[in-house]
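The data block below is input.cif; it holds mmCIF, C-alpha atoms.
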data_query
loop_
_atom_site.label_atom_id
_atom_site.label_comp_id
_atom_site.auth_asym_id
_atom_site.auth_seq_id
_atom_site.Cartn_x
_atom_site.Cartn_y
_atom_site.Cartn_z
CA MET A 1 -109.26 -21.88 -18.01
CA LYS A 2 -108.89 -23.28 -21.51
CA LYS A 3 -111.86 -21.13 -22.49
CA PHE A 4 -109.76 -18.05 -21.71
CA ALA A 5 -106.36 -19.28 -22.93
CA ILE A 6 -106.26 -16.81 -25.81
CA GLU A 7 -107.00 -13.85 -23.54
CA ILE A 8 -104.32 -14.95 -21.07
CA LYS A 9 -101.80 -15.46 -23.90
CA TRP A 10 -102.43 -11.98 -25.31
CA GLY A 11 -102.50 -10.37 -21.86
CA ILE A 12 -99.02 -11.78 -21.26
CA ARG A 13 -97.89 -10.57 -24.68
CA TYR A 14 -99.19 -7.09 -23.85
CA PHE A 15 -97.21 -7.22 -20.59
CA PHE A 16 -93.97 -8.04 -22.43
CA ALA A 17 -94.66 -5.47 -25.16
CA PHE A 18 -95.09 -2.84 -22.44
CA LEU A 19 -91.77 -3.81 -20.85
CA VAL A 20 -90.03 -3.59 -24.23
CA TRP A 21 -91.61 -0.16 -24.76
CA ILE A 22 -90.30 0.98 -21.37
CA TYR A 23 -86.83 -0.24 -22.31
CA VAL A 24 -87.01 1.75 -25.57
CA GLU A 25 -88.16 4.84 -23.64
CA LYS A 26 -85.28 4.51 -21.23
CA MET A 27 -82.69 3.89 -23.95
CA SER A 28 -84.06 6.85 -25.93
CA GLY A 29 -83.42 9.18 -23.00
CA TYR A 30 -87.00 9.84 -21.97
CA TYR A 31 -86.14 9.06 -18.35
CA SER A 32 -83.25 11.49 -18.26
CA GLU A 33 -82.29 14.23 -20.73
CA LYS A 34 -85.59 14.09 -22.69
CA ILE A 35 -87.79 13.80 -19.62
CA ASP A 36 -89.78 16.90 -20.63
CA ASP A 37 -91.14 14.92 -23.60
CA TYR A 38 -91.81 11.73 -21.64
CA LEU A 39 -95.60 12.11 -21.38
CA LEU A 40 -96.08 12.71 -25.08
CA TYR A 41 -93.73 9.89 -26.08
CA SER A 42 -95.25 7.43 -23.62
CA MET A 43 -98.69 8.01 -25.13
CA LEU A 44 -97.45 6.47 -28.38
CA PHE A 45 -97.74 3.06 -26.72
CA THR A 46 -101.50 3.49 -27.12
CA PHE A 47 -101.14 2.56 -30.79
CA ILE A 48 -99.23 -0.59 -29.90
CA GLY A 49 -101.81 -1.42 -27.25
CA VAL A 50 -104.69 -1.07 -29.70
CA PHE A 51 -102.81 -3.20 -32.23
CA ILE A 52 -102.37 -5.95 -29.62
CA TYR A 53 -106.10 -5.84 -28.84
CA VAL A 54 -106.89 -6.14 -32.55
CA LEU A 55 -104.60 -9.15 -32.87
CA ALA A 56 -106.03 -10.76 -29.72
CA LEU A 57 -109.67 -10.35 -30.69
CA ASN A 58 -108.95 -11.48 -34.22
CA ASP A 59 -107.18 -14.58 -32.81
CA LYS A 60 -110.20 -15.35 -30.62
CA LYS A 61 -112.57 -14.79 -33.53
CA LYS A 62 -110.69 -17.16 -35.83
CA ASN A 63 -109.53 -19.85 -33.44
CA TYR A 64 -112.33 -20.01 -30.88
CA PHE A 65 -115.45 -18.61 -32.51
CA HIS A 66 -114.62 -20.02 -35.98
CA ASN A 67 -114.98 -16.61 -37.66
CA ASN A 68 -118.45 -16.03 -36.19
CA MET A 69 -118.03 -13.55 -33.35
CA ASP A 70 -120.67 -11.05 -32.34
CA TRP A 71 -119.94 -7.77 -30.60
CA LYS A 72 -120.71 -9.09 -27.12
CA GLN A 73 -118.35 -12.05 -27.52
CA GLY A 74 -115.59 -9.75 -28.75
CA ALA A 75 -116.15 -7.24 -25.97
CA VAL A 76 -116.11 -9.95 -23.29
CA THR A 77 -112.91 -11.35 -24.81
CA GLY A 78 -111.27 -7.93 -24.63
CA ILE A 79 -112.51 -7.27 -21.12
CA PHE A 80 -111.14 -10.58 -19.86
CA MET A 81 -107.81 -9.77 -21.51
CA THR A 82 -107.98 -6.37 -19.81
CA ILE A 83 -108.39 -8.06 -16.43
CA VAL A 84 -105.32 -10.21 -17.12
CA ILE A 85 -103.35 -7.07 -18.03
CA ALA A 86 -104.56 -5.21 -14.93
CA ILE A 87 -103.48 -8.14 -12.74
CA LEU A 88 -100.01 -8.07 -14.34
CA MET A 89 -99.54 -4.29 -14.08
CA PRO A 90 -98.27 -4.22 -10.46
CA LEU A 91 -95.57 -6.73 -11.38
CA CYS A 92 -94.77 -4.68 -14.46
CA GLN A 93 -94.38 -1.49 -12.41
CA ILE A 94 -92.14 -3.25 -9.89
CA ILE A 95 -89.91 -4.58 -12.68
CA ILE A 96 -89.74 -1.15 -14.28
CA HIS A 97 -89.08 0.96 -11.21
CA LYS A 98 -87.03 -1.43 -9.11
CA GLY A 99 -85.03 -3.02 -11.92
CA MET A 100 -85.11 -1.37 -15.33
CA ALA A 101 -85.37 2.32 -14.48
CA PRO A 102 -84.89 3.15 -10.80
CA GLU A 103 -83.91 6.69 -11.81
CA PHE A 104 -87.38 7.45 -13.22
CA PHE A 105 -89.06 8.72 -10.03
CA PRO A 106 -86.17 10.91 -8.81
CA ASN A 107 -85.83 12.43 -12.27
CA MET A 108 -89.57 13.04 -12.62
CA ILE A 109 -89.71 14.61 -9.15
CA GLU A 110 -86.77 16.87 -9.97
CA ASN A 111 -88.36 17.86 -13.30
CA ALA A 112 -91.74 18.58 -11.70
CA VAL A 113 -90.17 20.70 -8.95
CA ALA A 114 -88.18 22.63 -11.55
CA LYS A 115 -91.48 23.46 -13.25
CA GLY A 116 -93.02 24.79 -10.03
CA THR A 117 -94.66 21.76 -8.41
CA LYS A 118 -94.25 21.53 -4.65
CA ILE A 119 -91.84 18.76 -3.74
CA GLU A 120 -94.40 17.11 -1.46
CA ASP A 121 -96.91 16.96 -4.32
CA ALA A 122 -94.32 15.60 -6.74
CA LYS A 123 -93.26 12.89 -4.28
CA ALA A 124 -96.90 11.97 -3.64
CA TYR A 125 -97.51 11.51 -7.38
CA PHE A 126 -94.22 10.02 -8.57
CA ASN A 127 -93.79 6.90 -6.47
CA LEU A 128 -94.24 3.16 -6.92
CA SER A 129 -97.54 2.77 -5.07
CA SER A 130 -99.09 5.67 -6.99
CA TYR A 131 -97.91 4.26 -10.32
CA ILE A 132 -99.16 0.76 -9.47
CA PHE A 133 -102.58 2.21 -8.67
CA GLN A 134 -102.57 4.36 -11.82
CA SER A 135 -101.46 1.49 -14.05
CA ILE A 136 -104.22 -0.82 -12.82
CA PHE A 137 -106.98 1.73 -13.37
CA SER A 138 -105.51 2.97 -16.64
CA ALA A 139 -105.34 -0.60 -17.93
CA LEU A 140 -108.96 -1.21 -16.89
CA SER A 141 -110.36 1.98 -18.40
CA PHE A 142 -108.27 1.78 -21.59
CA GLY A 143 -108.98 -1.91 -22.00
CA VAL A 144 -112.74 -1.73 -21.63
CA VAL A 145 -113.07 1.13 -24.11
CA ILE A 146 -110.68 -0.39 -26.64
CA SER A 147 -112.33 -3.81 -26.26
CA ALA A 148 -115.73 -2.36 -27.12
CA ILE A 149 -114.40 -0.45 -30.12
CA VAL A 150 -112.28 -3.28 -31.53
CA ALA A 151 -115.10 -5.79 -30.99
CA TYR A 152 -117.42 -3.55 -32.99
CA PHE A 153 -115.07 -3.54 -35.98
CA LEU A 154 -114.17 -7.22 -35.77
CA GLN A 155 -117.65 -8.63 -35.22
CA THR A 156 -118.99 -10.85 -37.93
CA LYS A 157 -121.26 -8.57 -39.93
CA ASN A 158 -123.76 -11.10 -41.24
CA LEU A 159 -124.54 -13.07 -38.07
CA LYS A 160 -128.23 -13.93 -37.60
CA LYS A 161 -129.55 -12.37 -34.43
#
Translate this file's structure into C-alpha coordinates.
Amino acid sequence: MKKFAIEIKWGIRYFFAFLVWIYVEKMSGYYSEKIDDYLLYSMLFTFIGVFIYVLALNDKKKNYFHNNMDWKQGAVTGIFMTIVIAILMPLCQIIIHKGMAPEFFPNMIENAVAKGTKIEDAKAYFNLSSYIFQSIFSALSFGVVISAIVAYFLQTKNLKK
(Lines of atoms letter the chains of each structure in order from A and count residues from 1; the text may use other names and numbers.)
(Lines give C-alpha, C1' and ligand atoms only; values in the text may rest on other atoms or scores of the structure.)
Protein backbone atom coordinates (compact mmCIF):
# COMPACT_ATOMS: atom_id res chain seq x y z
CA MET A 1 0.00 0.00 0.00
CA LYS A 2 2.90 2.36 0.66
CA LYS A 3 3.73 2.08 -3.03
CA PHE A 4 0.40 3.75 -3.81
CA ALA A 5 0.24 6.21 -0.89
CA ILE A 6 0.61 9.24 -3.16
CA GLU A 7 -2.23 8.11 -5.43
CA ILE A 8 -4.50 7.47 -2.44
CA LYS A 9 -3.60 10.86 -0.92
CA TRP A 10 -4.42 12.70 -4.14
CA GLY A 11 -7.55 10.64 -4.77
CA ILE A 12 -8.83 11.74 -1.36
CA ARG A 13 -7.87 15.34 -2.12
CA TYR A 14 -9.81 15.14 -5.39
CA PHE A 15 -12.81 13.82 -3.43
CA PHE A 16 -12.73 16.79 -1.04
CA ALA A 17 -12.13 19.28 -3.86
CA PHE A 18 -15.21 17.90 -5.61
CA LEU A 19 -17.30 18.31 -2.45
CA VAL A 20 -16.09 21.91 -2.07
CA TRP A 21 -16.98 22.53 -5.73
CA ILE A 22 -20.49 21.16 -5.13
CA TYR A 23 -20.86 23.46 -2.13
CA VAL A 24 -19.83 26.44 -4.28
CA GLU A 25 -22.32 25.37 -6.98
CA LYS A 26 -25.10 25.15 -4.44
CA MET A 27 -24.25 28.46 -2.77
CA SER A 28 -24.03 30.13 -6.20
CA GLY A 29 -27.60 29.10 -6.98
CA TYR A 30 -26.90 26.49 -9.63
CA TYR A 31 -29.20 24.03 -7.85
CA SER A 32 -32.10 26.46 -7.75
CA GLU A 33 -32.57 29.77 -9.58
CA LYS A 34 -29.61 29.26 -11.98
CA ILE A 35 -30.35 25.61 -12.65
CA ASP A 36 -30.54 26.24 -16.42
CA ASP A 37 -26.79 27.00 -16.35
CA TYR A 38 -25.86 24.08 -14.10
CA LEU A 39 -24.40 21.82 -16.79
CA LEU A 40 -22.12 24.50 -18.20
CA TYR A 41 -20.98 25.65 -14.76
CA SER A 42 -20.38 22.12 -13.50
CA MET A 43 -18.06 21.44 -16.44
CA LEU A 44 -15.67 24.05 -15.07
CA PHE A 45 -14.60 21.51 -12.44
CA THR A 46 -12.75 19.78 -15.28
CA PHE A 47 -10.01 22.40 -15.00
CA ILE A 48 -9.68 21.79 -11.27
CA GLY A 49 -9.64 18.04 -11.87
CA VAL A 50 -6.86 18.32 -14.44
CA PHE A 51 -4.89 20.57 -12.08
CA ILE A 52 -5.19 17.96 -9.31
CA TYR A 53 -3.94 15.26 -11.68
CA VAL A 54 -0.97 17.46 -12.63
CA LEU A 55 -0.12 18.01 -8.96
CA ALA A 56 -0.52 14.30 -8.16
CA LEU A 57 1.65 13.05 -11.01
CA ASN A 58 4.24 15.71 -10.32
CA ASP A 59 4.28 14.65 -6.63
CA LYS A 60 4.79 11.02 -7.64
CA LYS A 61 7.51 11.99 -10.11
CA LYS A 62 9.46 13.99 -7.54
CA ASN A 63 8.92 11.99 -4.38
CA TYR A 64 8.73 8.41 -5.64
CA PHE A 65 10.49 8.29 -8.98
CA HIS A 66 13.15 10.87 -8.01
CA ASN A 67 12.42 13.05 -11.06
CA ASN A 68 12.83 10.14 -13.49
CA MET A 69 9.33 9.10 -14.55
CA ASP A 70 8.52 7.66 -17.94
CA TRP A 71 5.11 7.89 -19.58
CA LYS A 72 4.01 4.42 -18.49
CA GLN A 73 4.85 5.09 -14.84
CA GLY A 74 2.95 8.37 -14.96
CA ALA A 75 -0.04 6.83 -16.69
CA VAL A 76 -0.22 3.95 -14.19
CA THR A 77 0.02 6.47 -11.34
CA GLY A 78 -2.90 8.43 -12.77
CA ILE A 79 -4.94 5.33 -13.45
CA PHE A 80 -4.50 4.08 -9.90
CA MET A 81 -5.53 7.50 -8.61
CA THR A 82 -8.54 7.28 -10.94
CA ILE A 83 -9.53 3.97 -9.36
CA VAL A 84 -9.33 5.54 -5.90
CA ILE A 85 -11.55 8.41 -7.09
CA ALA A 86 -14.05 6.03 -8.71
CA ILE A 87 -14.28 4.05 -5.47
CA LEU A 88 -14.98 7.28 -3.54
CA MET A 89 -17.59 8.62 -5.98
CA PRO A 90 -20.60 6.70 -4.57
CA LEU A 91 -19.85 8.10 -1.11
CA CYS A 92 -19.46 11.53 -2.65
CA GLN A 93 -22.83 11.31 -4.39
CA ILE A 94 -24.53 10.15 -1.19
CA ILE A 95 -23.04 13.07 0.76
CA ILE A 96 -24.10 15.50 -1.94
CA HIS A 97 -27.64 14.31 -2.54
CA LYS A 98 -28.60 13.15 0.93
CA GLY A 99 -26.84 15.86 2.91
CA MET A 100 -25.56 18.89 1.05
CA ALA A 101 -28.14 19.35 -1.70
CA PRO A 102 -31.24 17.16 -1.35
CA GLU A 103 -33.14 19.68 -3.50
CA PHE A 104 -30.98 18.97 -6.57
CA PHE A 105 -32.95 16.05 -8.04
CA PRO A 106 -36.44 17.55 -7.56
CA ASN A 107 -35.26 20.83 -9.08
CA MET A 108 -33.55 19.13 -12.02
CA ILE A 109 -36.65 17.00 -12.67
CA GLU A 110 -38.88 20.06 -12.57
CA ASN A 111 -36.53 21.94 -14.91
CA ALA A 112 -36.33 19.04 -17.37
CA VAL A 113 -40.12 18.62 -17.42
CA ALA A 114 -40.54 22.35 -18.01
CA LYS A 115 -38.31 21.98 -21.07
CA GLY A 116 -40.42 19.14 -22.49
CA THR A 117 -38.89 15.97 -21.04
CA LYS A 118 -41.39 13.34 -19.95
CA ILE A 119 -41.54 13.13 -16.17
CA GLU A 120 -40.78 9.40 -16.22
CA ASP A 121 -37.62 10.02 -18.25
CA ALA A 122 -36.53 12.86 -15.98
CA LYS A 123 -37.06 10.74 -12.86
CA ALA A 124 -35.14 7.85 -14.44
CA TYR A 125 -32.16 10.12 -15.14
CA PHE A 126 -32.13 12.41 -12.11
CA ASN A 127 -31.87 10.05 -9.16
CA LEU A 128 -29.18 8.87 -6.77
CA SER A 129 -28.52 5.46 -8.30
CA SER A 130 -28.22 6.96 -11.79
CA TYR A 131 -25.82 9.63 -10.57
CA ILE A 132 -23.72 7.11 -8.65
CA PHE A 133 -23.40 5.01 -11.81
CA GLN A 134 -22.63 8.08 -13.94
CA SER A 135 -20.05 9.42 -11.49
CA ILE A 136 -18.15 6.13 -11.37
CA PHE A 137 -17.93 5.80 -15.14
CA SER A 138 -17.26 9.49 -15.68
CA ALA A 139 -14.42 9.35 -13.15
CA LEU A 140 -12.97 6.28 -14.87
CA SER A 141 -13.17 7.66 -18.40
CA PHE A 142 -12.02 11.17 -17.46
CA GLY A 143 -9.24 9.83 -15.26
CA VAL A 144 -7.75 7.43 -17.78
CA VAL A 145 -7.65 10.04 -20.54
CA ILE A 146 -6.29 12.80 -18.30
CA SER A 147 -3.73 10.41 -16.79
CA ALA A 148 -2.36 9.56 -20.22
CA ILE A 149 -2.19 13.21 -21.29
CA VAL A 150 -0.67 14.53 -18.07
CA ALA A 151 1.84 11.65 -17.96
CA TYR A 152 2.95 12.55 -21.47
CA PHE A 153 3.73 16.13 -20.48
CA LEU A 154 5.31 15.26 -17.13
CA GLN A 155 7.48 12.36 -18.26
CA THR A 156 11.19 12.85 -17.97
CA LYS A 157 12.26 13.79 -21.48
CA ASN A 158 15.81 12.46 -21.47
CA LEU A 159 15.30 9.00 -19.97
CA LYS A 160 17.31 6.22 -21.65
CA LYS A 161 14.98 3.62 -23.11
Selected residue, from A:Tyr30, A:Trp71, A:Phe80, A:Phe45, that lies nearest to Lys3 (chain A) when counting only C-alpha atoms: A:Phe80
Dump as CSV the rows for residues of region 26-93 of chain A within 12 Å of region 121-130 of chain A: closest atom pair and distance in Å with one decimal, all atoms listed in the file counted, ordered by chain and rising residue number.
residue,atom,partner,partner_atom,distance
A:Met89,CA,A:Leu128,CA,11.6
A:Pro90,CA,A:Ser129,CA,8.9
A:Leu91,CA,A:Leu128,CA,10.9
A:Cys92,CA,A:Leu128,CA,10.9
A:Gln93,CA,A:Leu128,CA,7.2
Residues near Leu44 (chain A), cut-off 12 Å, all atoms listed in the file, skip fewer than 4 positions along chain, as a ChimeraX atom specification: /A:18,21-22,24-25,37-40,48-51
Residues from the last selection, C-alpha atoms, saved as a tab-separated table (two decimals), in the frame of the given file:
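Saved as result_26.tsv:
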chain	number	residue	atom	x	y	z
A	18	PHE	CA	-95.09	-2.84	-22.44
A	21	TRP	CA	-91.61	-0.16	-24.76
A	22	ILE	CA	-90.30	0.98	-21.37
A	24	VAL	CA	-87.01	1.75	-25.57
A	25	GLU	CA	-88.16	4.84	-23.64
A	37	ASP	CA	-91.14	14.92	-23.60
A	38	TYR	CA	-91.81	11.73	-21.64
A	39	LEU	CA	-95.60	12.11	-21.38
A	40	LEU	CA	-96.08	12.71	-25.08
A	48	ILE	CA	-99.23	-0.59	-29.90
A	49	GLY	CA	-101.81	-1.42	-27.25
A	50	VAL	CA	-104.69	-1.07	-29.70
A	51	PHE	CA	-102.81	-3.20	-32.23
Å distance separating CA of Ala75 (chain A) from CA of Val145 (chain A), one decimal place: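 Computed distance, CA of Ala75 (chain A) to CA of Val145 (chain A), equals 9.1 Å.
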Given all atoms listed in the file as the counted atoms, nearest of A:Leu154, A:Ile79, A:Ile95, A:Ala114 to Asp36 (chain A):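 Ranked by minimum distance to Asp36 (chain A), first place goes to A:Ala114.
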Proximity to Val144 (chain A) - best of A:Ile87, A:Ile119, A:Met81, A:Ile132, only C-alpha atoms: A:Met81
Computed interatomic separation between CA of Gln155 (chain A) and CA of Ile8 (chain A) (Å): 20.4 Å
Interatomic distance (Å, one decimal) between CA of Pro102 (chain A) and CA of Tyr31 (chain A):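 Computing it gives 9.7 Å between the two atoms.
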Selected residue, from A:Ile109, A:Ala86, A:Ile96, A:Ala5, that lies nearest to Ile136 (chain A) when counting only C-alpha atoms: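 With only C-alpha atoms as the atom set, the closest residue is A:Ala86.
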Target residues per the PyMOL selection byres ((chain A and resi 153) around 12), formatted as a list in words: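 After applying the PyMOL selection byres ((chain A and resi 153) around 12), what remains is Tyr53, Val54, Leu57, Asn58, Lys61, Met69, Asp70, Trp71, Lys72, Gly74, Ala75, Ile146, Ser147, Ala148, Ile149, Val150, Ala151, Tyr152, Leu154, Gln155, Thr156 and Lys157 of chain A.
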Print the selection's residues with C-alpha atoms to a file, as a PDB file, in the frame of the given file.
ATOM      1  CA  TYR A  53    -106.100  -5.840 -28.840  1.00  0.00           C
ATOM      2  CA  VAL A  54    -106.890  -6.140 -32.550  1.00  0.00           C
ATOM      3  CA  LEU A  57    -109.670 -10.350 -30.690  1.00  0.00           C
ATOM      4  CA  ASN A  58    -108.950 -11.480 -34.220  1.00  0.00           C
ATOM      5  CA  LYS A  61    -112.570 -14.790 -33.530  1.00  0.00           C
ATOM      6  CA  MET A  69    -118.030 -13.550 -33.350  1.00  0.00           C
ATOM      7  CA  ASP A  70    -120.670 -11.050 -32.340  1.00  0.00           C
ATOM      8  CA  TRP A  71    -119.940  -7.770 -30.600  1.00  0.00           C
ATOM      9  CA  LYS A  72    -120.710  -9.090 -27.120  1.00  0.00           C
ATOM     10  CA  GLY A  74    -115.590  -9.750 -28.750  1.00  0.00           C
ATOM     11  CA  ALA A  75    -116.150  -7.240 -25.970  1.00  0.00           C
ATOM     12  CA  ILE A 146    -110.680  -0.390 -26.640  1.00  0.00           C
ATOM     13  CA  SER A 147    -112.330  -3.810 -26.260  1.00  0.00           C
ATOM     14  CA  ALA A 148    -115.730  -2.360 -27.120  1.00  0.00           C
ATOM     15  CA  ILE A 149    -114.400  -0.450 -30.120  1.00  0.00           C
ATOM     16  CA  VAL A 150    -112.280  -3.280 -31.530  1.00  0.00           C
ATOM     17  CA  ALA A 151    -115.100  -5.790 -30.990  1.00  0.00           C
ATOM     18  CA  TYR A 152    -117.420  -3.550 -32.990  1.00  0.00           C
ATOM     19  CA  LEU A 154    -114.170  -7.220 -35.770  1.00  0.00           C
ATOM     20  CA  GLN A 155    -117.650  -8.630 -35.220  1.00  0.00           C
ATOM     21  CA  THR A 156    -118.990 -10.850 -37.930  1.00  0.00           C
ATOM     22  CA  LYS A 157    -121.260  -8.570 -39.930  1.00  0.00           C
TER      23      LYS A 157
END
Test item: which residues lie within 9 Å of (-105.3, -14.8, -23.8) counting all atoms listed in the file, as a list in words: Phe4, Ala5, Ile6, Glu7, Ile8, Lys9, Trp10, Gly11, Ile12, Arg13, Ala56, Lys60, Thr77, Phe80, Met81 and Val84 of chain A
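Ranking A:Gln73, A:Ser138, A:Gly78, A:Ile85 by their shortest atom-to-atom distance to Ala17 (chain A), with only C-alpha atoms included, puts A:Ile85 first.
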Counting only C-alpha atoms, the option among A:Ser141, A:Gly116, A:Lys2, A:Met100 closest to Met27 (chain A):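 Among the listed residues, the smallest separation from Met27 (chain A) belongs to A:Met100.
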Taking every listed atom of region 96-109 of chain A and adding 5 Å to each side, what centre and edge lengths in Å (one decimal) does the axis-aligned box have, as JSON?
{"center_x": -86.8, "center_y": 5.8, "center_z": -12.1, "size_x": 15.8, "size_y": 27.6, "size_z": 16.5}
